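Asks: My structure is stored as target-v1.txt, with compact mmCIF, C-alpha atoms.
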# COMPACT_ATOMS: atom_id res chain seq x y z
CA MET L 406 11.82 -20.67 4.43
CA SER L 407 11.24 -24.42 4.06
CA TYR L 408 12.30 -26.12 0.81
CA ASN L 409 9.69 -26.97 -1.83
CA SER L 410 10.33 -29.74 -4.35
CA ASP L 411 8.68 -27.71 -7.13
CA ALA L 412 10.96 -24.72 -6.60
CA LEU L 413 14.04 -24.07 -8.74
CA MET L 414 17.34 -25.21 -7.30
CA ALA L 415 19.96 -22.75 -6.09
CA GLY L 416 22.50 -22.02 -8.81
CA THR L 417 19.96 -22.16 -11.66
CA ILE L 418 20.67 -19.48 -14.28
CA LEU L 419 17.69 -17.72 -15.88
CA ASN L 420 17.77 -15.60 -19.04
CA GLY L 421 21.54 -15.96 -19.10
CA ARG L 422 22.04 -13.51 -16.22
CA TYR L 423 19.93 -14.22 -13.12
CA GLU L 424 21.40 -16.78 -10.72
CA ILE L 425 18.89 -18.23 -8.24
CA LYS L 426 20.17 -18.10 -4.66
CA GLU L 427 17.17 -19.20 -2.58
CA MET L 428 13.38 -19.28 -2.46
CA ILE L 429 12.03 -16.45 -0.28
CA GLY L 430 8.30 -16.75 -0.89
CA MET L 431 5.61 -18.94 -2.37
CA GLY L 432 1.86 -19.03 -2.82
CA GLY L 433 -0.73 -20.80 -4.86
CA MET L 434 0.32 -18.95 -8.00
CA ALA L 435 4.06 -18.43 -7.93
CA PHE L 436 7.46 -18.87 -6.35
CA VAL L 437 9.60 -15.87 -5.44
CA TYR L 438 13.38 -16.18 -5.36
CA ARG L 439 16.31 -14.12 -4.24
CA ALA L 440 18.67 -14.01 -7.21
CA ASN L 441 21.78 -12.22 -8.33
CA ASP L 442 21.81 -10.14 -11.50
CA LYS L 443 25.25 -10.93 -12.94
CA VAL L 444 25.06 -8.00 -15.36
CA HIS L 445 24.51 -5.30 -12.73
CA GLN L 446 26.04 -7.26 -9.85
CA LYS L 447 23.14 -6.81 -7.46
CA ASP L 448 20.52 -8.96 -5.78
CA ILE L 449 17.01 -8.85 -7.18
CA ALA L 450 13.76 -10.80 -6.79
CA VAL L 451 12.46 -13.20 -9.43
CA LYS L 452 8.80 -14.24 -9.48
CA GLU L 453 8.09 -17.49 -11.31
CA LEU L 454 4.58 -18.42 -12.45
CA CYS L 455 3.82 -21.94 -11.21
CA PRO L 456 0.12 -22.24 -10.24
CA SER L 457 -0.23 -25.30 -8.02
CA ALA L 458 -3.83 -25.83 -9.15
CA CYS L 459 -2.75 -26.90 -12.63
CA CYS L 460 1.04 -27.15 -12.79
CA LYS L 461 4.08 -28.84 -11.30
CA ARG L 462 7.83 -29.01 -11.87
CA SER L 463 9.01 -31.60 -14.39
CA GLN L 464 11.47 -34.34 -13.50
CA ASP L 465 14.34 -32.34 -14.96
CA ARG L 466 13.68 -29.75 -12.19
CA LYS L 467 13.42 -26.95 -14.76
CA ASN L 468 10.25 -26.90 -16.85
CA VAL L 469 6.80 -26.14 -15.50
CA VAL L 470 4.28 -28.64 -16.88
CA SER L 471 0.48 -28.91 -16.69
CA TYR L 472 -1.21 -31.86 -15.00
CA SER L 473 -3.49 -32.55 -17.97
CA LYS L 474 -4.83 -31.16 -21.24
CA ASN L 475 -7.67 -29.44 -19.37
CA ALA L 476 -5.13 -27.87 -17.03
CA VAL L 477 -3.36 -26.34 -20.02
CA PHE L 478 -6.27 -23.96 -20.63
CA GLN L 479 -6.36 -23.04 -16.96
CA TYR L 480 -2.63 -22.33 -17.04
CA GLN L 481 -3.05 -20.06 -20.07
CA ASN L 482 -5.54 -17.95 -18.11
CA TYR L 483 -3.09 -17.67 -15.23
CA LYS L 484 -0.36 -16.77 -17.67
CA GLN L 485 -2.44 -13.97 -19.16
CA SER L 486 -3.12 -12.56 -15.67
CA PHE L 487 0.58 -12.77 -14.86
CA TYR L 488 1.44 -10.79 -17.99
CA GLU L 489 -1.19 -8.17 -17.13
CA GLU L 490 0.25 -7.74 -13.64
CA ALA L 491 3.77 -7.42 -15.08
CA LYS L 492 2.59 -4.85 -17.65
CA ILE L 493 1.09 -2.68 -14.92
CA LEU L 494 4.22 -2.87 -12.77
CA MET L 495 6.40 -1.91 -15.73
CA LYS L 496 4.29 1.20 -16.22
CA CYS L 497 4.69 2.11 -12.54
CA SER L 498 8.49 1.88 -12.43
CA SER L 499 8.87 5.63 -11.83
CA CYS L 500 6.65 5.66 -8.72
CA PRO L 501 8.76 5.36 -5.53
CA ASN L 502 5.87 3.82 -3.58
CA ILE L 503 5.26 0.90 -5.94
CA ILE L 504 7.60 -2.08 -6.24
CA SER L 505 9.81 -1.65 -9.31
CA ALA L 506 9.84 -4.24 -12.12
CA PHE L 507 12.86 -4.55 -14.42
CA ASP L 508 12.44 -7.52 -16.71
CA LEU L 509 9.89 -10.01 -18.05
CA PHE L 510 10.72 -13.14 -20.02
CA GLU L 511 9.67 -16.72 -20.79
CA GLU L 512 11.79 -19.77 -20.02
CA ASN L 513 11.26 -23.30 -18.75
CA SER L 514 7.75 -23.27 -20.26
CA THR L 515 6.63 -20.49 -17.90
CA VAL L 516 6.99 -16.75 -17.24
CA TYR L 517 9.37 -14.82 -14.98
CA LEU L 518 9.10 -11.30 -13.61
CA VAL L 519 12.18 -9.55 -12.20
CA THR L 520 11.64 -6.88 -9.54
CA GLU L 521 13.61 -5.00 -6.95
CA LEU L 522 14.43 -7.03 -3.84
CA LEU L 523 12.61 -5.52 -0.87
CA GLU L 524 14.14 -5.91 2.57
CA GLY L 525 11.67 -5.44 5.41
CA ILE L 526 8.23 -6.73 6.42
CA THR L 527 4.62 -6.38 5.36
CA LEU L 528 2.36 -4.05 7.31
CA GLN L 529 0.47 -7.16 8.43
CA HIS L 530 3.55 -8.52 10.20
CA TYR L 531 4.47 -5.07 11.50
CA LEU L 532 1.04 -4.58 13.11
CA PHE L 533 1.16 -8.09 14.56
CA ARG L 534 4.39 -7.21 16.36
CA GLN L 535 2.95 -4.04 17.90
CA LYS L 536 1.35 -4.37 21.32
CA GLU L 537 -0.48 -1.05 20.94
CA PRO L 538 -2.22 0.67 17.99
CA LEU L 539 0.06 2.75 15.79
CA ALA L 540 0.61 6.35 16.80
CA GLU L 541 -1.25 8.91 14.68
CA PRO L 542 1.89 10.37 12.99
CA LYS L 543 2.90 6.89 11.80
CA ILE L 544 -0.59 6.19 10.46
CA ILE L 545 -0.64 9.50 8.60
CA TYR L 546 2.82 8.86 7.11
CA MET L 547 1.87 5.36 5.97
CA THR L 548 -1.44 6.55 4.51
CA LEU L 549 0.16 9.38 2.54
CA GLU L 550 2.73 6.96 1.10
CA VAL L 551 0.03 4.54 -0.06
CA LEU L 552 -2.07 7.41 -1.42
CA ASN L 553 0.91 8.52 -3.47
CA ALA L 554 1.05 5.04 -5.01
CA LEU L 555 -2.71 4.95 -5.64
CA SER L 556 -2.71 8.44 -7.13
CA PHE L 557 -0.06 7.33 -9.64
CA LEU L 558 -1.81 4.04 -10.39
CA HIS L 559 -5.24 5.64 -10.88
CA HIS L 560 -3.75 8.39 -13.02
CA ILE L 561 -2.38 5.87 -15.54
CA GLY L 562 -5.76 4.14 -15.67
CA TYR L 563 -5.62 1.21 -13.25
CA LEU L 564 -7.20 0.12 -9.97
CA HIS L 565 -5.37 -2.09 -7.47
CA LEU L 566 -8.49 -3.83 -6.05
CA ASP L 567 -6.57 -5.71 -3.38
CA ILE L 568 -5.35 -3.11 -0.88
CA SER L 569 -4.76 -4.84 2.45
CA ASP L 570 -2.21 -5.00 5.23
CA ASP L 571 -0.35 -7.87 3.54
CA ASN L 572 0.05 -5.94 0.27
CA ILE L 573 1.66 -2.91 1.91
CA PHE L 574 5.38 -3.39 2.49
CA ILE L 575 7.57 -1.43 4.91
CA THR L 576 11.22 -1.52 3.90
CA SER L 577 14.10 -1.60 6.37
CA SER L 578 14.72 2.08 5.57
CA GLY L 579 11.12 3.02 6.43
CA LYS L 580 9.84 3.42 2.89
CA VAL L 581 6.30 2.22 2.18
CA LYS L 582 5.72 0.21 -1.02
CA LEU L 583 2.55 -1.15 -2.59
CA ILE L 584 2.99 -4.73 -3.81
CA ASP L 585 1.02 -7.59 -5.43
CA PHE L 586 -0.91 -6.32 -8.44
CA GLY L 587 -2.48 -9.65 -9.32
CA SER L 588 -6.03 -8.29 -8.94
CA ALA L 589 -5.41 -4.94 -10.63
CA ALA L 590 -7.73 -3.92 -13.46
CA ALA L 591 -7.85 -1.22 -16.10
CA GLN L 592 -10.41 1.54 -15.71
CA ALA L 593 -12.81 2.43 -18.50
CA ALA L 594 -12.94 5.87 -20.09
CA ASP L 595 -15.48 6.96 -17.47
CA ASN L 596 -13.03 5.97 -14.71
CA HIS L 597 -14.85 2.92 -13.40
CA VAL L 598 -15.24 -0.77 -14.09
CA PHE L 599 -17.84 -3.34 -13.17
CA ALA L 600 -17.13 -5.83 -10.41
CA SER L 601 -15.55 -9.11 -11.44
CA LYS L 602 -16.34 -12.36 -9.69
CA SER L 603 -12.93 -13.73 -10.72
CA ILE L 604 -11.26 -11.68 -7.99
CA ILE L 605 -10.95 -13.39 -4.62
CA LEU L 606 -12.23 -10.81 -2.15
CA LYS L 607 -10.82 -10.17 1.31
CA ILE L 608 -13.82 -9.77 3.58
CA HIS L 609 -12.33 -7.08 5.85
CA TYR L 610 -11.18 -4.84 2.98
CA ALA L 611 -13.68 -5.24 0.13
CA PRO L 612 -16.49 -2.63 -0.08
CA PRO L 613 -20.09 -3.52 -1.04
CA GLU L 614 -19.69 -2.82 -4.75
CA GLN L 615 -17.11 -5.59 -5.11
CA TYR L 616 -19.72 -8.14 -4.05
CA GLN L 617 -22.25 -6.96 -6.63
CA SER L 618 -22.06 -8.19 -10.22
CA ASP L 619 -23.23 -4.77 -11.43
CA GLY L 620 -21.33 -2.81 -8.78
CA LEU L 621 -19.50 0.25 -10.05
CA ILE L 622 -15.86 0.05 -9.06
CA GLY L 623 -13.56 3.05 -9.10
CA ALA L 624 -10.90 4.88 -7.09
CA TRP L 625 -13.35 4.91 -4.17
CA THR L 626 -13.06 1.11 -4.03
CA ASP L 627 -9.31 1.19 -3.36
CA LEU L 628 -9.83 4.04 -0.88
CA TYR L 629 -12.36 2.01 1.14
CA ALA L 630 -9.75 -0.74 1.48
CA LEU L 631 -7.14 1.79 2.56
CA GLY L 632 -9.59 3.11 5.15
CA ALA L 633 -9.94 -0.47 6.43
CA VAL L 634 -6.15 -0.69 6.78
CA MET L 635 -6.12 2.60 8.71
CA TYR L 636 -8.93 1.40 10.99
CA GLU L 637 -7.00 -1.76 11.77
CA ALA L 638 -3.78 0.16 12.42
CA VAL L 639 -5.46 2.59 14.81
CA THR L 640 -7.64 0.09 16.69
CA LYS L 641 -5.92 -3.31 16.22
CA ILE L 642 -9.37 -4.58 15.17
CA LYS L 643 -10.28 -5.59 11.61
CA VAL L 644 -13.21 -3.87 9.92
CA THR L 645 -16.48 -5.78 9.93
CA GLY L 646 -17.29 -7.26 6.51
CA ALA L 647 -19.15 -4.85 4.23
CA MET L 648 -22.13 -7.14 3.60
CA GLU L 649 -22.57 -7.68 7.32
CA ARG L 650 -22.38 -3.93 7.88
CA ILE L 651 -25.14 -3.39 5.33
CA HIS L 652 -27.51 -5.49 7.43
CA LYS L 653 -26.34 -4.13 10.78
CA ASP L 654 -23.64 -1.50 10.97
CA ASP L 655 -22.74 -1.45 14.65
CA MET L 656 -18.99 -1.23 14.10
CA GLY L 657 -17.47 1.20 16.58
CA SER L 658 -15.83 4.37 15.31
CA PRO L 659 -12.03 4.52 15.53
CA LYS L 660 -12.14 7.15 18.29
CA GLN L 661 -14.58 5.11 20.37
CA ILE L 662 -11.97 2.36 20.44
CA ASN L 663 -8.84 4.53 20.58
CA SER L 664 -9.57 7.86 22.29
CA ARG L 665 -6.01 9.07 21.70
CA ILE L 666 -6.53 9.81 18.01
CA SER L 667 -7.71 13.20 16.79
CA ASP L 668 -11.29 13.94 15.77
CA ARG L 669 -10.02 14.71 12.29
CA LEU L 670 -8.37 11.30 11.82
CA ASP L 671 -11.53 9.64 13.13
CA PHE L 672 -13.58 11.56 10.54
CA ILE L 673 -11.19 10.68 7.68
CA ILE L 674 -11.29 6.95 8.45
CA ARG L 675 -15.08 6.91 8.81
CA LYS L 676 -15.51 8.78 5.52
CA ALA L 677 -13.20 6.34 3.72
CA LEU L 678 -15.26 3.43 5.11
CA ALA L 679 -18.68 4.77 4.12
CA LEU L 680 -20.84 1.97 2.74
CA ASN L 681 -22.25 4.25 0.04
CA ALA L 682 -19.47 4.85 -2.48
CA LYS L 683 -20.69 8.40 -3.13
CA ASP L 684 -20.09 9.28 0.53
CA ARG L 685 -16.41 8.30 0.35
CA PHE L 686 -13.41 10.16 -0.98
CA GLN L 687 -13.69 10.04 -4.77
CA SER L 688 -9.99 10.26 -5.54
CA ALA L 689 -6.63 9.65 -3.91
CA GLU L 690 -5.93 13.38 -4.24
CA GLU L 691 -9.08 14.31 -2.31
CA PHE L 692 -8.16 11.79 0.39
CA ARG L 693 -4.60 13.13 0.55
CA ASP L 694 -5.73 16.76 0.69
CA SER L 695 -8.02 16.01 3.63
CA ILE L 696 -4.95 14.90 5.57
CA ILE L 697 -2.43 17.45 4.34
CA ILE L 698 -4.69 20.49 4.68
CA ARG L 699 -5.48 19.57 8.25
CA ASN L 700 -1.83 19.07 9.13
CA ASP L 701 -0.84 22.30 7.37
CA LEU L 702 -3.52 24.23 9.28
CA VAL L 703 -2.17 22.87 12.53
CA HIS L 704 1.37 23.74 11.45
CA VAL L 705 0.41 27.25 10.31
CA GLY L 706 -1.61 27.80 13.47
CA SER L 707 1.39 26.77 15.54
CA MET L 708 3.62 29.13 13.57
CA LEU L 709 1.20 32.03 13.99
CA TYR L 710 0.93 31.32 17.69
CA ASN L 711 4.70 31.18 18.10
CA ASN L 712 5.22 34.29 15.95
CA THR L 713 2.58 36.19 17.94
CA ILE L 714 4.32 35.33 21.20
CA SER L 715 7.66 36.32 19.71
CA ILE L 716 6.33 39.71 18.53
CA CYS L 717 4.64 40.38 21.86
CA MET L 718 7.84 39.60 23.74
CA LYS L 719 9.79 41.96 21.48
CA ILE L 720 7.24 44.75 22.03
CA ILE L 721 7.30 44.21 25.79
CA GLY L 722 11.11 44.24 25.73
CA PHE L 723 11.16 47.46 23.69
CA VAL L 724 8.67 49.16 26.02
CA CYS L 725 10.71 48.11 29.05
CA LEU L 726 13.84 49.51 27.41
CA ILE L 727 12.14 52.89 26.78
CA ILE L 728 10.89 53.01 30.37
CA CYS L 729 14.36 52.23 31.67
CA CYS L 730 15.87 54.99 29.51
CA ILE L 731 13.31 57.55 30.72
CA LEU L 732 13.84 56.60 34.33
CA GLY L 733 17.59 56.80 33.76
CA LEU L 734 17.34 60.32 32.33
CA LEU L 735 15.11 61.43 35.19
CA TRP L 736 17.57 60.07 37.70
CA ILE L 737 20.51 61.87 36.00
CA ASN L 738 18.67 65.21 35.90
CA ARG L 739 17.68 65.12 39.54
Take the structure in this file and express it as structure tokens.

Replies:
Amino acid sequence: MSYNSDALMAGTILNGRYEIKEMIGMGGMAFVYRANDKVHQKDIAVKELCPSACCKRSQDRKNVVSYSKNAVFQYQNYKQSFYEEAKILMKCSSCPNIISAFDLFEENSTVYLVTELLEGITLQHYLFRQKEPLAEPKIIYMTLEVLNALSFLHHIGYLHLDISDDNIFITSSGKVKLIDFGSAAAQAADNHVFASKSIILKIHYAPPEQYQSDGLIGAWTDLYALGAVMYEAVTKIKVTGAMERIHKDDMGSPKQINSRISDRLDFIIRKALALNAKDRFQSAEEFRDSIIIRNDLVHVGSMLYNNTISICMKIIGFVCLIICCILGLLWINR
């Protein structure tokens, strides 16, 4: 990755233990570094809050400073959001399908979050490399992995609100991880929140309720976005924006575009992408069960079929043996 003058220099030590090796990612909000944890002798990732809209690196190449007094207030809002994201990740450390966070601290007039170092690529890059749509077994595997992450997240009272192909990471070992919780929000006691205009929406993944100031957002909101990811993976076409679909929903069904997928997968994706939230899956568990039950039925059906054939063959073999014995006795007694 190209060098950025606002990034920390290689060799910088943070919190007395994390040695910066190189910058591996950057965006409008933060830098991400590969670093070495000298206590546990392993490489980790360090995310540094440095919002380009209001901050820059000082001349000493360490501290993050605001452009002006007005920018200070803006930075404080970013800082609060950063802490909220870190808090959520810390609570999700036991979920294997969510990136693990280990440490959070302040230094150089900013905040740092330490996470596991993921080796691999985002689903966005993976799909870009594929000439054909993903095979159904791969789509089912990926979906179940993400649903496991969402089930955990929803269970502890949070919504992700930014599910997309660039926030799903595929590790070099094939594990699927959910990343980037910058838009995540806590659910109310009744398991929903109202839409917030502060979230930057991704047109191909955001359902109608996220565009409405009084829209009720819940688990079904994340599941719509996951359905959009599935649609893209199976067709190599992004879902039409929700507001455009409301006016004219002529988006082709997954099976119309890719006839190789099963009717069941086509139904699951279309249900997840229903414009009316009440017509979608209402929980990650319901979504997951719709996939697992179908696959189990196919598996059980296959087992019953194979067992039936096996039993029939045994019966036929036994009957043939009896016939042979009778014929043998008749031949001997002639």

Asks: One number please: CA of Ser410 (chain L) to CA of Asn513 (chain L), in Å, one decimal.

Replies: 15.8 Å

Asks: Write out as a ChimeraX atom specification which residues come within 9 Å of Glu637 (chain L) when counting only C-alpha atoms, dropping same-chain ones fewer than 3 positions away.

Replies: /L:532,538,570,632-634,640-644,659

Asks: Could you dump the residues just selected with C-alpha atoms as an mmCIF file, in the frame of the given file?

Replies:
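Dumped to part.cif:
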data_model
loop_
_atom_site.group_PDB
_atom_site.id
_atom_site.type_symbol
_atom_site.label_atom_id
_atom_site.label_comp_id
_atom_site.auth_asym_id
_atom_site.auth_seq_id
_atom_site.Cartn_x
_atom_site.Cartn_y
_atom_site.Cartn_z
ATOM 1 C CA LEU L 532 1.040 -4.580 13.110
ATOM 2 C CA PRO L 538 -2.220 0.670 17.990
ATOM 3 C CA ASP L 570 -2.210 -5.000 5.230
ATOM 4 C CA GLY L 632 -9.590 3.110 5.150
ATOM 5 C CA ALA L 633 -9.940 -0.470 6.430
ATOM 6 C CA VAL L 634 -6.150 -0.690 6.780
ATOM 7 C CA THR L 640 -7.640 0.090 16.690
ATOM 8 C CA LYS L 641 -5.920 -3.310 16.220
ATOM 9 C CA ILE L 642 -9.370 -4.580 15.170
ATOM 10 C CA LYS L 643 -10.280 -5.590 11.610
ATOM 11 C CA VAL L 644 -13.210 -3.870 9.920
ATOM 12 C CA PRO L 659 -12.030 4.520 15.530
#

Asks: CA of Ile575 (chain L) and CA of Glu537 (chain L), how far apart in Å?

Replies: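 The value is 17.9 Å.
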
Asks: Choose the residue, out of L:Leu518, L:Ala412, L:Ile544, L:Leu564, that has the smallest atom-to-atom separation from Val469 (chain L); count all atoms listed in the file.

Replies: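 When distances to Val469 (chain L) are compared using all atoms listed in the file, the smallest one comes from L:Ala412.
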
Asks: Work out how far CA of Ile425 (chain L) is from CA of Ser505 (chain L), in Å to one decimal.

Replies: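 Those two atoms sit 18.9 Å apart.
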
Asks: L:Ile568, L:Met648, L:Ile662, L:Ala624: which is nearest Arg685 (chain L), counting all atoms listed in the file?

Replies: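 Ranking L:Ile568, L:Met648, L:Ile662, L:Ala624 by distance to Arg685 (chain L), first place goes to L:Ala624.
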